[in-house]
Structures are given as C-alpha cells and as structure tokens.
Amino acid sequence: MRSHHREHLQADLREAIQSLLTRGLNDPRLDGAMCTITRLELSQDLRNATVNLSVLPDKVQKRAFAAVKHAEPHIRRQVAGKLDLHTPPLLAFVLDQSGKRQAASLEALAKVAEEREKLGRAAPEGESGQTGLASHPSLGNPSDTPAGPQV
C-alpha cells in the first residue's frame with residue numbers, strides 16, 4: 001500500500017512543480033526559458049525528491065536553472081499548500097542533459113539522411129542510388145535470388 005501512495009504522491013508532486021515552473025514563478029531569469037520535468041524520483045521515506053529538469057534553449061539554461069534552484073524553498077511551500085502536505089519532501093533539482101544529447105543525435109541522423117538523398121539524386125542513370133549491402137553488385141538483393149539450394 002505504501003508503494004501505491006508513494007507513486008501517487010510522486011505523480012502529484014511532478015504535476016504541481018511543473019505547473020509552478022510553467023506559470024507560477026516570477027523571476028526574470030526564467031524569461032525565454034522552457035523548463036520541463038523529465039523525471040521525478042521520490043525517496044522511499046518520502047522525505048526527499050530528486051527533480052530532473054530540462055531547460056531550453058541552451059543560451060538561457062544556466063541562468064534559468066539557477067533561478068529554479070534559488071526558488072526551491074518557495075516551490076516547496078507552494079507544493080505543500082497545493083497538495084495539503086504537512087511536511088513536503090526536500091527538493092533537489094538536477095539539470096537533465098539527455099534531451100540535448102537526443103536532439104544532437106537526431107540532428108546527426110537527419111544530416112546522414114540528407115547526404116544519402118543527395119547521393120541518390122547524383123547517381124548516374126540506371127543506378128538506384130541505394131547504399132548499404134543490398135546495393136553491392138556481388139551481394140544483390142536477397143529477394144532477387146531463388147529460394148533453396150542451387151545446383
């Protein structure tokens with residue numbers, strides 16, 4: 001039963017904190033920043049919560065994250081009132097860089113796809129512009145060869 005309570009409290013905390021970050025903090029350091037909770041982990045004893053936070057764009061990340069960390073006591077009080085908690089958990093905000101790494105990976109994949117497309121358009125007449133093993137002349141396409149052993 002305790003685990004069920006912890007999961008609900010964790011979800012409620014995440015929603016309440018996200019709501020405050022979205023429209024409840026009045027700090028000019030947050031202007032132009034989009035703060036998103038990517039993960040919230042509540043300790044087993046419900047006394048501590050680690051809040052992973054993504055801040056975009058990169059150019060305002062440091063100052064916006066500093067503003068959120070500075071507002072931690074205020075956020076904690078607001079969340080306690082909203083969720084009717086006598087003793088709210090201590091909040092530890094951690095900057096989450098996973099979104100940044102994911103965006104870089106997607107950008108690299110898009111660049112590869114664009115280069116492949118350019119190579120396909122530049123292929124001489126009669127060539128498909130395919131890349132990879134299937135386009136290798138000695139390997140061909142596996143679906144082009146008959147099934148079973150060859151005699």
# chains A, B, ... in the order shown; residues from 1 in each chain; ligands from 1
>>> select_by_dssp(residues="range 47-132 of chain A", states="strand (DSSP E)", output="number ranges by chain")
A: 48-56, 90-95
>>> residues_around(residues="Leu95 in chain A", least_positions_apart="4", cutoff="8 Å", atoms="only C-alpha atoms", output="MDAnalysis selection string")
chainID A and resid 52:55 65
>>> residues_around(residues="Lys69 in chain A", least_positions_apart="3", cutoff="9 Å", atoms="only C-alpha atoms", output="PDB file with N, CA and C atoms, in the first residue's frame")
ATOM      1  N   ALA A  64      18.488  30.177 -16.001  1.00  0.00           N
ATOM      2  CA  ALA A  64      17.163  29.666 -15.660  1.00  0.00           C
ATOM      3  C   ALA A  64      17.264  28.575 -14.604  1.00  0.00           C
ATOM      4  N   PHE A  65      18.249  27.687 -14.736  1.00  0.00           N
ATOM      5  CA  PHE A  65      18.420  26.624 -13.747  1.00  0.00           C
ATOM      6  C   PHE A  65      18.789  27.223 -12.389  1.00  0.00           C
ATOM      7  N   ALA A  66      19.620  28.250 -12.396  1.00  0.00           N
ATOM      8  CA  ALA A  66      19.977  28.929 -11.143  1.00  0.00           C
ATOM      9  C   ALA A  66      18.729  29.535 -10.493  1.00  0.00           C
ATOM     10  N   GLU A  72      13.731  27.019  -4.858  1.00  0.00           N
ATOM     11  CA  GLU A  72      13.357  25.730  -4.262  1.00  0.00           C
ATOM     12  C   GLU A  72      12.519  25.866  -2.988  1.00  0.00           C
ATOM     13  N   PRO A  73      12.887  26.715  -2.019  1.00  0.00           N
ATOM     14  CA  PRO A  73      12.051  26.832  -0.807  1.00  0.00           C
ATOM     15  C   PRO A  73      10.626  27.325  -1.131  1.00  0.00           C
ATOM     16  N   ALA A  92      15.539  18.416  -4.676  1.00  0.00           N
ATOM     17  CA  ALA A  92      16.884  18.569  -5.233  1.00  0.00           C
ATOM     18  C   ALA A  92      16.733  18.597  -6.751  1.00  0.00           C
ATOM     19  N   PHE A  93      16.984  19.768  -7.328  1.00  0.00           N
ATOM     20  CA  PHE A  93      16.876  19.910  -8.781  1.00  0.00           C
ATOM     21  C   PHE A  93      18.202  19.522  -9.432  1.00  0.00           C
ATOM     22  N   VAL A  94      18.104  18.725 -10.499  1.00  0.00           N
ATOM     23  CA  VAL A  94      19.268  18.256 -11.249  1.00  0.00           C
ATOM     24  C   VAL A  94      19.027  18.599 -12.710  1.00  0.00           C
TER      25      VAL A  94
END
>>> residues_around(residues="Gly81 in chain A", least_positions_apart="5", cutoff="12 Å", atoms="only C-alpha atoms", output="VMD selection string")
chain A and resid 13 16 to 17 74 to 76 86 to 88
>>> residues_around(residues="Glu15 in chain A", least_positions_apart="6", cutoff="10 Å", atoms="only C-alpha atoms", output="PyMOL selection string")
chain A and resi 9+21+37+40+79
>>> atom_distance(atom1="CA of Gln78 in chain A", atom2="CA of Asp58 in chain A")
27.5 Å
>>> closest_residue(among="A:Asp84, A:Glu114, A:Glu41, A:Asp96", to="Gln10 in chain A", atoms="only C-alpha atoms")
A:Glu41
>>> select_by_dssp(residues="range 61-122 of chain A", states="helix (DSSP H, G or I)", output="count of residues only")
46
>>> closest_residue(among="A:Glu7, A:Glu117, A:Asp45, A:Asp12", to="Leu85 in chain A", atoms="only C-alpha atoms")
A:Asp12
>>> residues_around(residues="Ala33 in chain A", least_positions_apart="2", cutoff="9 Å", atoms="only C-alpha atoms", output="ChimeraX atom specification")
/A:29-31,35,55-58,60-61,64
>>> write_last_selection(atoms="C-alpha atoms", output="PDB file, in the first residue's frame")
ATOM      1  CA  ARG A  29      15.957  34.856 -15.187  1.00  0.00           C
ATOM      2  CA  LEU A  30      13.255  32.474 -16.429  1.00  0.00           C
ATOM      3  CA  ASP A  31      12.182  34.756 -19.285  1.00  0.00           C
ATOM      4  CA  CYS A  35      11.607  24.255 -18.045  1.00  0.00           C
ATOM      5  CA  VAL A  55      15.892  23.727 -19.713  1.00  0.00           C
ATOM      6  CA  LEU A  56      15.723  25.042 -23.272  1.00  0.00           C
ATOM      7  CA  PRO A  57      17.122  26.906 -25.153  1.00  0.00           C
ATOM      8  CA  ASP A  58      20.772  26.354 -24.259  1.00  0.00           C
ATOM      9  CA  VAL A  60      19.398  30.638 -21.093  1.00  0.00           C
ATOM     10  CA  GLN A  61      19.972  27.260 -19.441  1.00  0.00           C
ATOM     11  CA  ALA A  64      17.163  29.666 -15.660  1.00  0.00           C
TER      12      ALA A  64
END
